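This is run.txt (compact mmCIF, C-alpha atoms).
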```txt
# COMPACT_ATOMS: atom_id res chain seq x y z
CA MET S 1 10.31 9.15 42.32
CA PRO S 2 6.71 8.63 41.18
CA LEU S 3 6.59 7.54 37.54
CA LEU S 4 3.17 8.04 35.93
CA ILE S 5 2.55 5.51 33.15
CA GLY S 6 -0.37 6.11 30.81
CA GLY S 7 -1.48 6.96 27.30
CA GLN S 8 -1.58 10.35 25.68
CA GLY S 9 -4.32 12.75 26.70
CA THR S 10 -4.66 11.42 30.27
CA HIS S 11 -3.51 14.76 31.79
CA LYS S 12 -0.38 13.32 33.40
CA SER S 13 1.72 16.46 32.89
CA THR S 14 -1.12 18.76 33.97
CA PHE S 15 -1.50 16.76 37.17
CA CYS S 16 2.21 17.16 37.91
CA LYS S 17 2.00 20.94 37.51
CA LEU S 18 -1.03 21.09 39.85
CA ILE S 19 0.93 19.55 42.73
CA LEU S 20 2.36 23.00 43.49
CA PRO S 21 -0.01 25.87 44.38
CA PRO S 22 -0.10 28.86 42.02
CA GLU S 23 2.16 30.86 44.34
CA LEU S 24 4.97 28.31 43.85
CA ARG S 25 4.55 27.45 40.18
CA GLU S 26 7.67 29.38 39.21
CA TYR S 27 9.61 26.64 40.99
CA TYR S 28 8.22 23.96 38.70
CA ILE S 29 10.07 22.81 35.59
CA ASP S 30 9.43 20.12 33.01
CA ASP S 31 12.08 20.88 30.40
CA VAL S 32 15.32 19.54 31.78
CA LYS S 33 18.48 19.02 29.74
CA MET S 34 20.26 16.30 31.68
CA ASP S 35 23.40 16.69 29.55
CA SER S 36 23.88 20.25 30.81
CA ALA S 37 25.68 19.99 34.16
CA GLU S 38 25.20 23.69 34.89
CA GLN S 39 21.43 23.54 34.38
CA VAL S 40 21.16 20.40 36.51
CA GLU S 41 23.08 22.11 39.34
CA ARG S 42 20.81 25.17 39.29
CA MET S 43 17.71 23.02 39.06
CA LEU S 44 18.60 20.88 42.07
CA GLY S 45 19.31 23.87 44.30
CA ARG S 46 16.51 26.19 43.17
CA MET S 47 13.45 24.29 41.96
CA LEU S 48 10.83 22.58 44.13
CA LEU S 49 9.39 20.08 41.65
CA VAL S 50 11.03 18.70 38.53
CA ASN S 51 8.87 16.78 36.08
CA ILE S 52 10.92 14.53 33.81
CA ASP S 53 8.42 14.45 30.97
CA GLU S 54 8.59 11.53 28.52
CA TYR S 55 11.00 9.60 30.73
CA ASN S 56 11.35 6.83 28.15
CA ALA S 57 12.86 9.34 25.68
CA LYS S 58 15.88 9.81 27.94
CA THR S 59 19.02 7.96 26.91
CA PRO S 60 20.40 5.19 29.19
CA ARG S 61 23.16 7.60 30.23
CA GLU S 62 20.61 10.28 31.17
CA GLN S 63 18.51 7.74 33.07
CA ALA S 64 21.58 6.64 35.01
CA LYS S 65 22.28 10.29 35.90
CA ILE S 66 18.69 10.77 37.07
CA LYS S 67 18.98 7.68 39.24
CA ARG S 68 22.16 9.05 40.80
CA ILE S 69 20.89 12.54 41.59
CA LEU S 70 17.77 11.11 43.26
CA THR S 71 20.02 10.09 46.17
CA GLU S 72 21.84 13.41 46.57
CA ASN S 73 20.96 15.55 49.57
CA ASP S 74 23.30 18.41 48.67
CA VAL S 75 24.34 19.92 45.38
CA GLN S 76 27.58 21.62 44.42
CA SER S 77 26.92 24.77 42.41
CA ARG S 78 29.06 27.60 41.12
CA LYS S 79 28.45 31.16 42.20
CA MET S 80 27.38 33.68 39.60
CA ARG S 81 30.35 35.24 37.78
CA SER S 82 32.76 33.28 39.94
CA ASP S 83 34.90 30.16 39.79
CA GLN S 84 34.03 29.26 43.40
CA TYR S 85 31.70 26.38 44.19
CA VAL S 86 29.43 26.14 47.21
CA MET S 87 27.38 23.29 48.68
CA ARG S 88 23.65 23.89 48.91
CA PRO S 89 20.85 21.65 50.11
CA ARG S 90 18.90 20.02 47.34
CA THR S 91 15.41 21.52 47.25
CA ALA S 92 14.09 19.73 44.16
CA SER S 93 11.78 16.73 44.29
CA PHE S 94 11.13 14.66 41.19
CA ILE S 95 8.21 13.17 39.32
CA ALA S 96 8.17 11.65 35.82
CA THR S 97 5.70 10.71 33.09
CA THR S 98 5.79 8.31 30.17
CA ASN S 99 3.55 6.73 27.57
CA GLU S 100 5.62 3.53 27.46
CA ARG S 101 4.39 0.46 29.32
CA GLU S 102 7.93 -0.70 30.19
CA PRO S 103 10.01 2.44 30.82
CA LEU S 104 12.59 1.02 33.26
CA CYS S 105 15.73 -0.23 31.57
CA ASP S 106 18.21 -0.63 34.43
CA PRO S 107 18.32 -4.30 35.52
CA THR S 108 20.41 -3.52 38.60
CA GLY S 109 17.40 -2.22 40.53
CA SER S 110 14.47 0.19 40.55
CA ARG S 111 13.77 0.87 44.23
CA ARG S 112 13.98 4.63 43.66
CA TYR S 113 10.92 4.56 41.42
CA VAL S 114 7.22 4.24 42.21
CA CYS S 115 5.53 3.10 39.00
CA CYS S 116 1.90 4.26 38.94
CA GLU S 117 -0.27 3.14 36.03
CA VAL S 118 -2.83 5.76 35.01
CA GLU S 119 -6.19 4.23 34.16
CA GLY S 120 -8.55 6.67 32.52
CA ILE S 121 -8.27 10.46 32.50
CA ILE S 122 -7.00 12.32 35.58
CA ASP S 123 -9.45 14.85 37.01
CA THR S 124 -7.68 18.19 36.73
CA ASP S 125 -10.83 20.33 36.94
CA THR S 126 -11.73 19.85 40.61
CA PRO S 127 -10.01 22.57 42.71
CA VAL S 128 -7.15 21.29 44.85
CA PRO S 129 -7.41 22.15 48.60
CA TYR S 130 -3.80 23.28 48.82
CA GLN S 131 -3.99 24.70 52.35
CA GLN S 132 -5.37 21.48 53.79
CA MET S 133 -3.05 19.29 51.72
CA TYR S 134 0.13 21.09 52.76
CA ALA S 135 -1.04 21.56 56.36
CA GLN S 136 -1.41 17.79 56.65
CA ALA S 137 2.04 17.22 55.14
CA VAL S 138 3.70 19.71 57.51
CA THR S 139 1.91 18.28 60.55
CA GLU S 140 2.99 14.72 59.73
CA LEU S 141 6.56 15.85 59.11
CA ARG S 142 6.77 17.73 62.42
CA SER S 143 5.27 14.81 64.34
CA GLY S 144 8.05 12.53 63.11
CA GLU S 145 6.09 10.46 60.62
CA ARG S 146 8.36 8.28 58.50
CA TYR S 147 8.68 9.61 54.94
CA TRP S 148 11.19 7.05 53.65
CA LEU S 149 10.70 3.41 52.67
CA SER S 150 11.72 0.56 54.94
CA ARG S 151 13.86 -2.29 53.65
CA GLU S 152 10.79 -4.50 53.29
CA GLU S 153 8.93 -1.75 51.40
CA GLU S 154 11.89 -1.28 49.05
CA GLU S 155 11.90 -5.00 48.27
CA ALA S 156 8.14 -4.90 47.65
CA MET S 157 8.67 -1.91 45.36
CA GLU S 158 11.33 -3.81 43.41
CA ARG S 159 8.91 -6.70 42.90
CA HIS S 160 6.14 -4.31 41.83
CA ASN S 161 8.41 -2.56 39.33
CA GLN S 162 9.47 -5.82 37.66
CA ALA S 163 6.31 -5.56 35.52
CA TYR S 164 7.59 -2.25 34.10
CA LEU S 165 11.15 -3.36 33.31
CA CYS S 166 11.98 -3.52 29.62
CA ARG S 167 13.42 -6.92 28.86
CA SER S 168 16.57 -7.58 26.90
CA SER S 169 16.48 -10.21 24.19
CA PRO S 170 18.16 -12.89 26.38
CA GLU S 171 15.57 -12.26 29.11
CA GLU S 172 12.69 -12.51 26.64
CA VAL S 173 14.02 -15.80 25.29
CA LEU S 174 14.62 -17.17 28.79
CA LEU S 175 11.22 -16.18 30.19
CA SER S 176 9.44 -17.63 27.16
CA TYR S 177 10.54 -21.12 28.20
CA PHE S 178 11.50 -20.96 31.90
CA ALA S 179 10.14 -19.38 35.09
CA PRO S 180 11.69 -18.93 38.57
CA ALA S 181 11.02 -21.92 40.82
CA GLU S 182 11.33 -22.86 44.49
CA ARG S 183 14.59 -24.21 45.87
CA GLN S 184 13.83 -27.89 45.39
CA LYS S 185 16.07 -30.50 43.79
CA GLU S 186 13.66 -31.27 40.96
CA HIS S 187 13.99 -27.62 39.84
CA PHE S 188 17.80 -27.45 40.00
CA ILE S 189 19.51 -26.90 36.64
CA ARG S 190 22.74 -25.46 35.30
CA ALA S 191 22.82 -22.57 32.85
CA VAL S 192 24.42 -24.81 30.23
CA ASP S 193 21.44 -27.19 30.44
CA ILE S 194 19.01 -24.28 30.12
CA GLN S 195 20.95 -23.25 27.04
CA LYS S 196 20.63 -26.78 25.60
CA THR S 197 16.85 -26.68 26.08
CA LEU S 198 16.62 -23.26 24.42
CA ARG S 199 18.53 -24.58 21.40
CA GLN S 200 15.67 -27.01 20.80
CA HIS S 201 13.10 -24.21 20.56
CA VAL S 202 14.71 -21.06 19.12
CA ARG S 203 16.95 -20.18 16.20
CA PRO S 204 20.69 -20.62 16.85
CA ALA S 205 21.19 -16.87 16.46
CA ASP S 206 18.69 -16.22 19.26
CA VAL S 207 20.26 -18.60 21.81
CA PRO S 208 21.97 -16.46 24.49
CA SER S 209 25.59 -17.03 25.40
CA ILE S 210 26.28 -18.45 28.87
CA LYS S 211 27.31 -14.99 30.11
CA ALA S 212 24.19 -13.31 28.71
CA LEU S 213 22.02 -16.15 30.01
CA THR S 214 23.54 -15.85 33.49
CA ASN S 215 22.83 -12.10 33.54
CA ALA S 216 19.27 -12.76 32.37
CA LEU S 217 18.73 -15.36 35.10
CA LYS S 218 19.96 -12.92 37.72
CA THR S 219 17.90 -10.00 36.41
CA ALA S 220 14.76 -12.15 36.26
CA ARG S 221 15.40 -13.18 39.89
CA PHE S 222 15.81 -16.90 39.41
CA PRO S 223 17.02 -18.40 42.72
CA TYR S 224 20.71 -19.31 42.61
CA GLY S 225 22.45 -21.91 44.74
CA SER S 226 24.23 -25.24 44.91
CA TYR S 227 23.25 -28.89 44.87
CA ASN S 228 25.67 -31.72 45.70
CA GLY S 229 28.65 -29.48 45.03
CA TYR S 230 27.35 -28.02 41.78
CA ARG S 231 26.25 -24.44 41.26
CA GLY S 232 23.15 -23.64 39.27
CA TRP S 233 19.64 -22.21 39.24
CA TYR S 234 16.12 -23.18 40.21
CA ALA S 235 13.88 -23.01 37.18
CA LEU S 236 10.50 -24.33 36.10
CA ASP S 237 10.55 -25.56 32.51
CA LEU S 238 7.49 -24.24 30.67
CA THR S 239 8.06 -26.51 27.67
CA GLY S 240 7.47 -29.72 29.62
CA GLU S 241 10.60 -31.21 28.07
CA SER S 242 13.22 -30.13 30.57
CA SER S 243 16.02 -32.35 31.77
CA VAL S 244 15.97 -30.65 35.18
CA LEU S 245 14.96 -33.80 37.05
CA GLN S 246 17.26 -35.92 34.90
CA TRP S 247 20.17 -33.64 35.76
CA SER S 248 19.58 -33.79 39.53
CA ASP S 249 19.17 -37.58 39.43
CA LEU S 250 22.32 -37.93 37.31
CA ALA S 251 24.28 -35.77 39.73
CA GLU S 252 23.13 -37.92 42.66
CA SER S 253 24.08 -41.16 40.91
CA ILE S 254 27.53 -39.85 39.89
CA ILE S 255 28.30 -38.64 43.41
CA ALA S 256 27.06 -41.87 44.97
CA GLU S 257 29.25 -43.88 42.59
CA ASP S 258 32.31 -41.75 43.32
CA ARG S 259 31.80 -41.98 47.07
CA LYS S 260 31.53 -45.75 46.84
CA LYS S 261 34.73 -46.00 44.80
CA LEU S 262 36.57 -43.67 47.20
CA GLU S 263 35.48 -45.78 50.16
CA THR S 264 36.71 -48.96 48.45
CA GLY S 265 39.90 -47.34 47.20
CA GLY S 266 38.85 -47.53 43.55
CA VAL S 267 39.22 -44.93 40.87
CA SER S 268 36.20 -42.92 39.78
CA GLN S 269 35.08 -43.40 36.20
CA SER S 270 33.07 -40.19 36.17
CA GLY S 271 36.09 -37.91 35.94
CA THR S 272 36.87 -35.07 38.32
CA ALA S 273 33.40 -33.55 38.53
CA THR S 274 32.80 -34.78 42.10
CA SER S 275 36.15 -35.97 43.40
CA ASN S 276 37.59 -32.50 42.77
CA ASN S 277 34.78 -30.23 43.88
CA GLY S 278 37.00 -27.19 43.98
CA GLY S 279 38.26 -27.65 40.43
CA GLY S 280 35.68 -25.59 38.63
CA THR S 281 34.06 -28.37 36.53
CA GLY S 282 30.35 -28.57 36.02
CA GLY S 283 29.32 -25.46 37.90
CA ASP S 284 27.76 -22.20 36.77
CA PRO S 285 29.67 -18.94 37.32
CA ASP S 286 28.73 -17.19 40.54
CA PRO S 287 26.67 -14.16 39.39
CA ASP S 288 27.73 -12.15 42.43
CA ASN S 289 31.50 -12.68 42.52
CA GLY S 290 32.18 -13.74 38.96
CA GLY S 291 33.62 -17.12 39.98
CA GLY S 292 33.34 -20.22 37.87
CA GLU S 293 34.00 -22.84 40.53
CA ASN S 294 31.84 -25.49 42.07
CA ASP S 295 30.57 -25.16 45.58
CA GLY S 296 33.58 -26.75 47.20
CA GLY S 297 31.53 -28.91 49.53
CA GLU S 298 29.15 -31.84 49.57
CA GLY S 299 26.24 -29.84 50.97
CA SER S 300 23.08 -28.54 49.41
CA ASP S 301 20.83 -25.55 49.88
CA ILE S 302 17.77 -27.36 48.52
CA ASP S 303 14.62 -28.09 50.49
CA GLN S 304 14.30 -31.86 50.39
```
Before anything else, please render the file you have as structure tokens.
Amino acid sequence: MPLLIGGQGTHKSTFCKLILPPELREYYIDDVKMDSAEQVERMLGRMLLVNIDEYNAKTPREQAKIKRILTENDVQSRKMRSDQYVMRPRTASFIATTNEREPLCDPTGSRRYVCCEVEGIIDTDTPVPYQQMYAQAVTELRSGERYWLSREEEEAMERHNQAYLCRSSPEEVLLSYFAPAERQKEHFIRAVDIQKTLRQHVRPADVPSIKALTNALKTARFPYGSYNGYRGWYALDLTGESSVLQWSDLAESIIAEDRKKLETGGVSQSGTATSNNGGGTGGDPDPDNGGGENDGGEGSDIDQ
């Protein structure tokens, strides 16, 4: 769904209405009540273009509903004066407008949106060559031109839309002091160590919990992996005071000491952090499966 982002008076809504020729304008709507299931059903099966005006004014629940119906090919609607429901093809396409610079609030993904920033005022005075425009669209469709995004294009769209994602407070705090980094050992750090660094720079009330910090790291696309049996993240410290390198060096020295003691039959003095890799000590929770265990092996996914 194209999402036009621009200030007031840039003719965003007028542009949306002009997409349809005059003969089809009755199938255009820009006043949609997403909380009315009956209206949504009729709209999906009858309209051609739906403009979700002032997208940022929609509640998170309404935005989630919009995201869901964008994927529906068919719509279930009730017959007039009847309790029977029938399946009809969805005829409605969507476009949206907003004045907000960061209108996307769903951190789980935004590949269904095409954020287009409006710079200046849209020309709505020049006549639109509707016949030529629609003839070209029909010709490309009949010739088998691809009208959907490839996997690579979806990933590129996700990266593009990151600039328009409204940040939660934990994300704002995190990104003020850390940035995603390459998978190299000098950038490896656990969430608990990121939290310790943040405590040195922000008020205690603004320091995110480990769970909130883990969600923020995932949303901000920090690389996640393991190093010498420990799970953590790859982050660049923007304060210049990070213990990232100290942590990776410490982990290496502890593991080397434990290995030496195991080979000689001695007892490790560093506790169970490395001799019991599967015990869940020292690692960050897996953001994908919710686990809290270490990697379970001696390997590493870091580029040496």
Could you check which of S:Ala235, S:Cys116, S:Ala212, S:Ala137 is closest to Lys185 (chain S), using all atoms listed in the file? S:Ala235
Give me, as a Markdown table, the closest atom pair and its distance (Å, one decimal) for every residue of region 22-68 of chain S within a cut-off of 7 Å of region 92-105 of chain S, counting all atoms listed in the file, rows sorted by chain and rising number.
```
| residue | atom | partner | partner_atom | distance |
| --- | --- | --- | --- | --- |
| S:Leu44 | CA | S:Ala92 | CA | 5.1 |
| S:Gly45 | CA | S:Ala92 | CA | 6.7 |
| S:Arg46 | CA | S:Ala92 | CA | 7.0 |
| S:Met47 | CA | S:Ala92 | CA | 5.1 |
| S:Leu48 | CA | S:Ala92 | CA | 4.3 |
| S:Leu49 | CA | S:Ser93 | CA | 4.9 |
| S:Val50 | CA | S:Phe94 | CA | 4.8 |
| S:Asn51 | CA | S:Ile95 | CA | 4.9 |
| S:Ile52 | CA | S:Ala96 | CA | 4.5 |
| S:Asp53 | CA | S:Thr97 | CA | 5.1 |
| S:Glu54 | CA | S:Thr98 | CA | 4.6 |
| S:Tyr55 | CA | S:Thr98 | CA | 5.4 |
| S:Asn56 | CA | S:Pro103 | CA | 5.3 |
```
What's the 9 Å shell around Asn73 (chain S), counting all atoms listed in the file, without same-chain residues fewer than 4 positions away, as a PDB file with C-alpha atoms, in the coordinates of the input?
```pdb
ATOM      1  CA  ILE S  69      20.890  12.540  41.590  1.00  0.00           C
ATOM      2  CA  ARG S  88      23.650  23.890  48.910  1.00  0.00           C
ATOM      3  CA  PRO S  89      20.850  21.650  50.110  1.00  0.00           C
ATOM      4  CA  ARG S  90      18.900  20.020  47.340  1.00  0.00           C
ATOM      5  CA  THR S  91      15.410  21.520  47.250  1.00  0.00           C
TER       6      THR S  91
END
```
Would you work out the distance separating CA of Arg112 (chain S) from CA of Met157 (chain S), expressed in Å to one decimal?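 Distance reported for this atom pair: 8.6 Å.
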Neighbours of region 163-167 of chain S within 10 Å (all atoms listed in the file; same-chain residues fewer than 2 positions away dropped), as a list in words? Ile5, Glu100, Arg101, Glu102, Pro103, Leu104, Cys105, Asp106, Pro107, Gly109, Ser110, Cys115, Cys116, Glu117, Glu158, Arg159, His160, Asn161, Ser169, Pro170, Glu171, Glu172, Val173, Leu175, Ala216, Thr219 and Ala220 of chain S
What does the distance from CA of Glu152 (chain S) to CA of Arg221 (chain S) come to in Å, to one decimal?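 Atom-to-atom, CA of Glu152 (chain S) to CA of Arg221 (chain S), that is 16.6 Å.
The shell of residues at most 12 Å from region 35-38 of chain S, with all atoms listed in the file counted and near chain neighbours (fewer than 6 positions) removed, consists of S:Leu44, S:Gly45, S:Lys58, S:Thr59, S:Pro60, S:Arg61, S:Glu62, S:Gln63, S:Ala64, S:Lys65, S:Ile66, S:Ile69, S:Val75, S:Gln76, S:Ser77, S:Arg78, S:Lys79, S:Met80, S:Tyr85.
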Write the residues of the preceding selection, restricted to C-alpha atoms, as a PDB file, keeping the file's coordinate frame.
```pdb
ATOM      1  CA  LEU S  44      18.600  20.880  42.070  1.00  0.00           C
ATOM      2  CA  GLY S  45      19.310  23.870  44.300  1.00  0.00           C
ATOM      3  CA  LYS S  58      15.880   9.810  27.940  1.00  0.00           C
ATOM      4  CA  THR S  59      19.020   7.960  26.910  1.00  0.00           C
ATOM      5  CA  PRO S  60      20.400   5.190  29.190  1.00  0.00           C
ATOM      6  CA  ARG S  61      23.160   7.600  30.230  1.00  0.00           C
ATOM      7  CA  GLU S  62      20.610  10.280  31.170  1.00  0.00           C
ATOM      8  CA  GLN S  63      18.510   7.740  33.070  1.00  0.00           C
ATOM      9  CA  ALA S  64      21.580   6.640  35.010  1.00  0.00           C
ATOM     10  CA  LYS S  65      22.280  10.290  35.900  1.00  0.00           C
ATOM     11  CA  ILE S  66      18.690  10.770  37.070  1.00  0.00           C
ATOM     12  CA  ILE S  69      20.890  12.540  41.590  1.00  0.00           C
ATOM     13  CA  VAL S  75      24.340  19.920  45.380  1.00  0.00           C
ATOM     14  CA  GLN S  76      27.580  21.620  44.420  1.00  0.00           C
ATOM     15  CA  SER S  77      26.920  24.770  42.410  1.00  0.00           C
ATOM     16  CA  ARG S  78      29.060  27.600  41.120  1.00  0.00           C
ATOM     17  CA  LYS S  79      28.450  31.160  42.200  1.00  0.00           C
ATOM     18  CA  MET S  80      27.380  33.680  39.600  1.00  0.00           C
ATOM     19  CA  TYR S  85      31.700  26.380  44.190  1.00  0.00           C
TER      20      TYR S  85
END
```
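Computed from the coordinates, the CA of Arg146 (chain S) to CA of Tyr27 (chain S) distance equals 25.4 Å.
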Which of these, S:Pro21, S:Cys16, S:His11, S:Gln162, has the shortest distance to Met133 (chain S) once you count all atoms listed in the file? S:Pro21
Please supply region 91-122 of chain S, rebuilt with N, CA and C atoms, as an mmCIF file, in the frame of the given file.
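What landed in result.cif:
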```
data_model
loop_
_atom_site.group_PDB
_atom_site.id
_atom_site.type_symbol
_atom_site.label_atom_id
_atom_site.label_comp_id
_atom_site.auth_asym_id
_atom_site.auth_seq_id
_atom_site.Cartn_x
_atom_site.Cartn_y
_atom_site.Cartn_z
ATOM 1 N N THR S 91 16.806 21.181 46.977
ATOM 2 C CA THR S 91 15.410 21.520 47.250
ATOM 3 C C THR S 91 14.446 20.821 46.296
ATOM 4 N N ALA S 92 14.955 20.288 45.211
ATOM 5 C CA ALA S 92 14.090 19.730 44.160
ATOM 6 C C ALA S 92 13.636 18.316 44.488
ATOM 7 N N SER S 93 12.339 18.081 44.307
ATOM 8 C CA SER S 93 11.780 16.730 44.290
ATOM 9 C C SER S 93 11.453 16.384 42.841
ATOM 10 N N PHE S 94 11.288 15.102 42.580
ATOM 11 C CA PHE S 94 11.130 14.660 41.190
ATOM 12 C C PHE S 94 9.850 13.870 40.992
ATOM 13 N N ILE S 95 9.319 13.991 39.792
ATOM 14 C CA ILE S 95 8.210 13.170 39.320
ATOM 15 C C ILE S 95 8.454 12.975 37.828
ATOM 16 N N ALA S 96 7.913 11.921 37.248
ATOM 17 C CA ALA S 96 8.170 11.650 35.820
ATOM 18 C C ALA S 96 6.910 11.095 35.169
ATOM 19 N N THR S 97 6.827 11.235 33.861
ATOM 20 C CA THR S 97 5.700 10.710 33.090
ATOM 21 C C THR S 97 6.216 9.980 31.866
ATOM 22 N N THR S 98 5.430 9.039 31.383
ATOM 23 C CA THR S 98 5.790 8.310 30.170
ATOM 24 C C THR S 98 4.556 7.669 29.568
ATOM 25 N N ASN S 99 4.610 7.460 28.264
ATOM 26 C CA ASN S 99 3.550 6.730 27.570
ATOM 27 C C ASN S 99 3.897 5.253 27.396
ATOM 28 N N GLU S 100 5.155 4.895 27.663
ATOM 29 C CA GLU S 100 5.620 3.530 27.460
ATOM 30 C C GLU S 100 5.215 2.633 28.617
ATOM 31 N N ARG S 101 4.830 1.417 28.289
ATOM 32 C CA ARG S 101 4.390 0.460 29.320
ATOM 33 C C ARG S 101 5.559 -0.100 30.113
ATOM 34 N N GLU S 102 6.742 -0.148 29.517
ATOM 35 C CA GLU S 102 7.930 -0.700 30.190
ATOM 36 C C GLU S 102 9.065 0.317 30.111
ATOM 37 N N PRO S 103 9.028 1.350 30.948
ATOM 38 C CA PRO S 103 10.010 2.440 30.820
ATOM 39 C C PRO S 103 11.326 2.197 31.558
ATOM 40 N N LEU S 104 11.382 1.237 32.466
ATOM 41 C CA LEU S 104 12.590 1.020 33.260
ATOM 42 C C LEU S 104 13.539 0.101 32.511
ATOM 43 N N CYS S 105 14.772 0.541 32.356
ATOM 44 C CA CYS S 105 15.730 -0.230 31.570
ATOM 45 C C CYS S 105 16.978 -0.617 32.344
ATOM 46 N N ASP S 106 17.024 -0.308 33.627
ATOM 47 C CA ASP S 106 18.210 -0.630 34.430
ATOM 48 C C ASP S 106 17.950 -1.912 35.207
ATOM 49 N N PRO S 107 18.584 -3.036 34.835
ATOM 50 C CA PRO S 107 18.320 -4.300 35.520
ATOM 51 C C PRO S 107 18.929 -4.404 36.904
ATOM 52 N N THR S 108 19.761 -3.444 37.296
ATOM 53 C CA THR S 108 20.410 -3.520 38.600
ATOM 54 C C THR S 108 19.488 -3.139 39.749
ATOM 55 N N GLY S 109 18.328 -2.558 39.452
ATOM 56 C CA GLY S 109 17.400 -2.220 40.530
ATOM 57 C C GLY S 109 16.577 -0.989 40.215
ATOM 58 N N SER S 110 15.386 -0.921 40.838
ATOM 59 C CA SER S 110 14.470 0.190 40.550
ATOM 60 C C SER S 110 13.769 0.668 41.812
ATOM 61 N N ARG S 111 14.426 0.520 42.974
ATOM 62 C CA ARG S 111 13.770 0.870 44.230
ATOM 63 C C ARG S 111 13.546 2.366 44.393
ATOM 64 N N ARG S 112 14.176 3.178 43.552
ATOM 65 C CA ARG S 112 13.980 4.630 43.660
ATOM 66 C C ARG S 112 12.762 5.110 42.873
ATOM 67 N N TYR S 113 12.072 4.193 42.229
ATOM 68 C CA TYR S 113 10.920 4.560 41.420
ATOM 69 C C TYR S 113 9.637 3.972 42.005
ATOM 70 N N VAL S 114 8.547 4.725 41.846
ATOM 71 C CA VAL S 114 7.220 4.240 42.210
ATOM 72 C C VAL S 114 6.385 4.279 40.929
ATOM 73 N N CYS S 115 6.262 3.154 40.265
ATOM 74 C CA CYS S 115 5.530 3.100 39.000
ATOM 75 C C CYS S 115 4.024 3.105 39.269
ATOM 76 N N CYS S 116 3.344 4.099 38.732
ATOM 77 C CA CYS S 116 1.900 4.260 38.940
ATOM 78 C C CYS S 116 1.221 4.256 37.571
ATOM 79 N N GLU S 117 0.412 3.242 37.319
ATOM 80 C CA GLU S 117 -0.270 3.140 36.030
ATOM 81 C C GLU S 117 -1.543 3.986 36.063
ATOM 82 N N VAL S 118 -1.675 4.866 35.092
ATOM 83 C CA VAL S 118 -2.830 5.760 35.010
ATOM 84 C C VAL S 118 -3.920 5.068 34.203
ATOM 85 N N GLU S 119 -5.049 4.863 34.829
ATOM 86 C CA GLU S 119 -6.190 4.230 34.160
ATOM 87 C C GLU S 119 -7.286 5.283 33.986
ATOM 88 N N GLY S 120 -7.567 5.635 32.772
ATOM 89 C CA GLY S 120 -8.550 6.670 32.520
ATOM 90 C C GLY S 120 -7.899 8.047 32.487
ATOM 91 N N ILE S 121 -8.732 9.072 32.561
ATOM 92 C CA ILE S 121 -8.270 10.460 32.500
ATOM 93 C C ILE S 121 -8.248 11.064 33.898
ATOM 94 N N ILE S 122 -7.144 11.700 34.260
ATOM 95 C CA ILE S 122 -7.000 12.320 35.580
ATOM 96 C C ILE S 122 -7.886 13.553 35.665
#
```
